[in-house]
Each structure stands twice: as structure tokens, then as C-alpha cells.
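Shown next: target-v4.pdb, given as PDB, C-alpha atoms.
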```pdb
MODEL        1
ATOM      1  CA  MET A 518       8.008 -23.114  10.509
ATOM      2  CA  ALA A 519       4.751 -24.694  11.664
ATOM      3  CA  ASP A 520       1.646 -22.620  12.330
ATOM      4  CA  ARG A 521       0.714 -22.324  15.996
ATOM      5  CA  TRP A 522      -2.594 -21.437  17.669
ATOM      6  CA  ASN A 523      -2.952 -20.850  21.418
ATOM      7  CA  GLY A 524       0.451 -22.417  21.949
ATOM      8  CA  GLN A 525      -0.445 -25.596  20.049
ATOM      9  CA  GLU A 526       1.161 -26.604  16.765
ATOM     10  CA  LEU A 527      -1.391 -27.080  13.983
ATOM     11  CA  PRO A 528      -1.177 -30.141  11.726
ATOM     12  CA  GLU A 529       0.687 -29.693   8.447
ATOM     13  CA  ARG A 530      -1.724 -29.078   5.557
ATOM     14  CA  LYS A 531      -1.256 -28.411   1.847
ATOM     15  CA  PRO A 532      -2.842 -25.245   0.432
ATOM     16  CA  LEU A 533      -5.497 -25.677  -2.254
ATOM     17  CA  GLN A 534      -5.065 -23.649  -5.426
ATOM     18  CA  GLN A 535      -8.114 -24.630  -7.469
ATOM     19  CA  PRO A 536     -11.325 -22.561  -7.393
ATOM     20  CA  LEU A 537     -14.157 -23.571  -5.100
ATOM     21  CA  ALA A 538     -16.578 -26.107  -6.549
ATOM     22  CA  GLU A 539     -19.508 -23.707  -6.223
ATOM     23  CA  GLN A 540     -20.158 -19.992  -6.167
ATOM     24  CA  ILE A 541     -20.379 -18.141  -2.868
ATOM     25  CA  HIS A 542     -23.141 -15.533  -3.059
ATOM     26  CA  TYR A 543     -22.842 -13.029  -0.222
ATOM     27  CA  ARG A 544     -23.558  -9.561   1.089
ATOM     28  CA  LEU A 545     -21.498  -7.642   3.634
ATOM     29  CA  TYR A 546     -23.284  -5.448   6.181
ATOM     30  CA  ASP A 547     -22.412  -3.143   9.060
ATOM     31  CA  ARG A 548     -23.610  -4.968  12.170
ATOM     32  CA  ARG A 549     -24.482  -1.735  13.989
ATOM     33  CA  THR A 550     -26.412   0.078  11.242
ATOM     34  CA  ARG A 551     -27.491  -2.913   9.097
ATOM     35  CA  GLN A 552     -26.320  -0.909   6.058
ATOM     36  CA  LEU A 553     -25.382  -2.974   2.998
ATOM     37  CA  LEU A 554     -21.698  -2.286   2.306
ATOM     38  CA  SER A 555     -20.796  -4.759  -0.450
ATOM     39  CA  PHE A 556     -22.039  -7.800  -2.333
ATOM     40  CA  ASN A 557     -20.609 -10.317  -4.770
ATOM     41  CA  SER A 558     -20.721 -13.828  -6.144
ATOM     42  CA  THR A 559     -17.399 -15.632  -6.457
ATOM     43  CA  ASN A 560     -15.770 -19.042  -6.462
ATOM     44  CA  SER A 561     -12.532 -17.603  -5.070
ATOM     45  CA  PHE A 562     -11.854 -17.612  -1.341
ATOM     46  CA  SER A 563      -9.106 -15.021  -1.892
ATOM     47  CA  SER A 564     -11.585 -12.724  -3.649
ATOM     48  CA  LEU A 565     -13.963 -12.967  -0.686
ATOM     49  CA  VAL A 566     -11.189 -12.148   1.787
ATOM     50  CA  GLU A 567     -10.014  -9.191  -0.331
ATOM     51  CA  ASP A 568     -13.577  -7.850  -0.526
ATOM     52  CA  ILE A 569     -13.866  -7.981   3.259
ATOM     53  CA  ALA A 570     -10.514  -6.199   3.669
ATOM     54  CA  SER A 571     -11.282  -3.485   1.115
ATOM     55  CA  THR A 572     -14.772  -2.949   2.563
ATOM     56  CA  GLN A 573     -13.216  -2.504   6.011
ATOM     57  CA  ARG A 574     -10.759   0.050   4.587
ATOM     58  CA  GLU A 575     -13.630   1.949   2.927
ATOM     59  CA  HIS A 576     -15.753   1.828   6.110
ATOM     60  CA  PRO A 577     -13.236   1.888   8.990
ATOM     61  CA  ASN A 578     -15.889   2.292  11.700
ATOM     62  CA  ALA A 579     -18.096  -0.540  10.425
ATOM     63  CA  ARG A 580     -18.459  -3.849  12.235
ATOM     64  CA  ILE A 581     -18.632  -6.031   9.151
ATOM     65  CA  PHE A 582     -20.595  -9.243   9.008
ATOM     66  CA  GLY A 583     -21.473 -11.372   6.018
ATOM     67  CA  VAL A 584     -24.539 -13.328   4.971
ATOM     68  CA  ARG A 585     -24.347 -16.103   2.418
ATOM     69  CA  TYR A 586     -27.338 -16.459   0.082
ATOM     70  CA  ASP A 587     -28.681 -19.289  -2.063
ATOM     71  CA  GLY A 588     -28.427 -17.326  -5.306
ATOM     72  CA  PRO A 589     -26.666 -14.362  -6.882
ATOM     73  CA  ALA A 590     -26.375 -11.445  -4.527
ATOM     74  CA  TYR A 591     -27.819  -8.974  -6.998
TER      75      TYR A 591
ENDMDL
END
```
Would you mind giving the structure from this file in C-alpha cells?
Amino acid sequence: MADRWNGQELPERKPLQQPLAEQIHYRLYDRRTRQLLSFNSTNSFSSLVEDIASTQREHPNARIFGVRYDGPAY
């Protein structure tokens, strides 16, 4: 079954399995309070998505936003 968005069928694409070519250094904040909620450096898109999901579970009232940095987040 093809993926659809706003009633339009999206082009067929193959998923990528290899790690990203570079590290993503990021911090996750609550948009309302500006509190730092999480940080990490990873070359895995799945790891980034899981961190966002687990941070949202830990802080259910937070409005999470991320900032990417040019070096390790710590």
C-alpha cells in the first residue's frame, strides 16, 4: 500500500538502513519554559526519534523543540 499525504500518493522510496554520514548533536527543550529536557549526539535517525518520544513521555506537558549544534551536546 502506498503512503498518502493530503490525499496525494507519495512516490515510492526505498528505506535507508545505514547510519548517517555524520553525527547529529542536539538538545531538546520545552518551548514554553526553555528548560533543557534532553541532549545527545548520534548518527542514528531512529535514536533521535526515540529520544524525542521518550522525552515527551517523561514530560507530557512540554512543547518539545530541538536545536542542532556544531559539536557534542555536552
So which residues get picked by the PyMOL selection byres ((chain A and resi 519) around 10) here, written as a compact mmCIF listing (two decimals) with C-alpha atoms, in the frame of the given file?
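Saved the output as selection.txt:
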```
# COMPACT_ATOMS: atom_id res chain seq x y z
CA MET A 518 8.01 -23.11 10.51
CA ASP A 520 1.65 -22.62 12.33
CA ARG A 521 0.71 -22.32 16.00
CA GLN A 525 -0.44 -25.60 20.05
CA GLU A 526 1.16 -26.60 16.76
CA LEU A 527 -1.39 -27.08 13.98
CA PRO A 528 -1.18 -30.14 11.73
CA GLU A 529 0.69 -29.69 8.45
CA ARG A 530 -1.72 -29.08 5.56
```
- Note on the structure: Gln552 of chain A proximity check over A:Ala579, A:Ala570, A:Val584, A:Ala538, using all atoms listed in the file: winner is A:Ala579
- Message: Rounded to one decimal, what separation in Å do you get between atom CA of Ser571 of chain A and atom CA of Lys531 of chain A?
- Response: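 Computing it gives 26.9 Å between the two atoms.
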Evaluate the PyMOL selection byres ((chain A and resi 585) around 10) and record the selected residues as a PDB file with C-alpha atoms, in the frame of the given file, following the chain and residue labels used in the document.
```pdb
ATOM      1  CA  ILE A 541     -20.379 -18.141  -2.868  1.00  0.00           C
ATOM      2  CA  HIS A 542     -23.141 -15.533  -3.059  1.00  0.00           C
ATOM      3  CA  TYR A 543     -22.842 -13.029  -0.222  1.00  0.00           C
ATOM      4  CA  ARG A 544     -23.558  -9.561   1.089  1.00  0.00           C
ATOM      5  CA  LEU A 545     -21.498  -7.642   3.634  1.00  0.00           C
ATOM      6  CA  PHE A 556     -22.039  -7.800  -2.333  1.00  0.00           C
ATOM      7  CA  ASN A 557     -20.609 -10.317  -4.770  1.00  0.00           C
ATOM      8  CA  SER A 558     -20.721 -13.828  -6.144  1.00  0.00           C
ATOM      9  CA  GLY A 583     -21.473 -11.372   6.018  1.00  0.00           C
ATOM     10  CA  VAL A 584     -24.539 -13.328   4.971  1.00  0.00           C
ATOM     11  CA  TYR A 586     -27.338 -16.459   0.082  1.00  0.00           C
ATOM     12  CA  ASP A 587     -28.681 -19.289  -2.063  1.00  0.00           C
ATOM     13  CA  GLY A 588     -28.427 -17.326  -5.306  1.00  0.00           C
ATOM     14  CA  PRO A 589     -26.666 -14.362  -6.882  1.00  0.00           C
ATOM     15  CA  ALA A 590     -26.375 -11.445  -4.527  1.00  0.00           C
TER      16      ALA A 590
END
```
- Message: So, with only C-alpha atoms as the atoms that count, which of A:Trp522, A:Leu533, A:Glu539, A:Arg551 lies closest to Ile581 of chain A?
- Response: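 Ranked by minimum distance to Ile581 of chain A, first place goes to A:Arg551.
Among A:Asn560, A:Asp547, A:Gln573, A:Phe582, the residue with the shortest atom-to-atom distance to Gln534 of chain A, counting all atoms listed in the file, is A:Asn560.
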- Minimum-distance residue to Arg574 of chain A, chosen among A:Ser561, A:Leu554, A:Gly524, A:Arg548 (using all atoms listed in the file):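 Smallest separation from Arg574 of chain A among the options: A:Leu554.
Picture a line from atom CA of Asn578 of chain A to atom CA of Ser564 of chain A; it runs 21.9 Å.
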- Just how far from atom CA of Leu553 of chain A is atom CA of Gln535 of chain A, in Å to one decimal? 29.6 Å
Return segment 569-580 of chain A, completed with N, CA and C atoms, as an mmCIF file, in the frame of the given file.
```cif
data_model
loop_
_atom_site.group_PDB
_atom_site.id
_atom_site.type_symbol
_atom_site.label_atom_id
_atom_site.label_comp_id
_atom_site.auth_asym_id
_atom_site.auth_seq_id
_atom_site.Cartn_x
_atom_site.Cartn_y
_atom_site.Cartn_z
ATOM 1 N N ILE A 569 -13.686 -8.330 1.847
ATOM 2 C CA ILE A 569 -13.866 -7.981 3.259
ATOM 3 C C ILE A 569 -12.834 -6.935 3.676
ATOM 4 N N ALA A 570 -11.577 -7.138 3.295
ATOM 5 C CA ALA A 570 -10.514 -6.199 3.669
ATOM 6 C C ALA A 570 -10.729 -4.828 3.041
ATOM 7 N N SER A 571 -11.090 -4.782 1.763
ATOM 8 C CA SER A 571 -11.282 -3.485 1.115
ATOM 9 C C SER A 571 -12.531 -2.781 1.651
ATOM 10 N N THR A 572 -13.570 -3.541 1.972
ATOM 11 C CA THR A 572 -14.772 -2.949 2.563
ATOM 12 C C THR A 572 -14.443 -2.360 3.929
ATOM 13 N N GLN A 573 -13.610 -3.028 4.699
ATOM 14 C CA GLN A 573 -13.216 -2.504 6.011
ATOM 15 C C GLN A 573 -12.395 -1.226 5.857
ATOM 16 N N ARG A 574 -11.527 -1.178 4.839
ATOM 17 C CA ARG A 574 -10.759 0.050 4.587
ATOM 18 C C ARG A 574 -11.683 1.209 4.187
ATOM 19 N N GLU A 575 -12.698 0.915 3.378
ATOM 20 C CA GLU A 575 -13.630 1.949 2.927
ATOM 21 C C GLU A 575 -14.576 2.410 4.034
ATOM 22 N N HIS A 576 -14.831 1.538 5.004
ATOM 23 C CA HIS A 576 -15.753 1.828 6.110
ATOM 24 C C HIS A 576 -15.056 1.465 7.425
ATOM 25 N N PRO A 577 -14.059 2.267 7.835
ATOM 26 C CA PRO A 577 -13.236 1.888 8.990
ATOM 27 C C PRO A 577 -13.983 1.750 10.311
ATOM 28 N N ASN A 578 -15.126 2.387 10.443
ATOM 29 C CA ASN A 578 -15.889 2.292 11.700
ATOM 30 C C ASN A 578 -16.938 1.182 11.679
ATOM 31 N N ALA A 579 -17.072 0.507 10.555
ATOM 32 C CA ALA A 579 -18.096 -0.540 10.425
ATOM 33 C C ALA A 579 -17.673 -1.810 11.156
ATOM 34 N N ARG A 580 -18.650 -2.509 11.661
ATOM 35 C CA ARG A 580 -18.459 -3.849 12.235
ATOM 36 C C ARG A 580 -19.036 -4.814 11.214
#
```
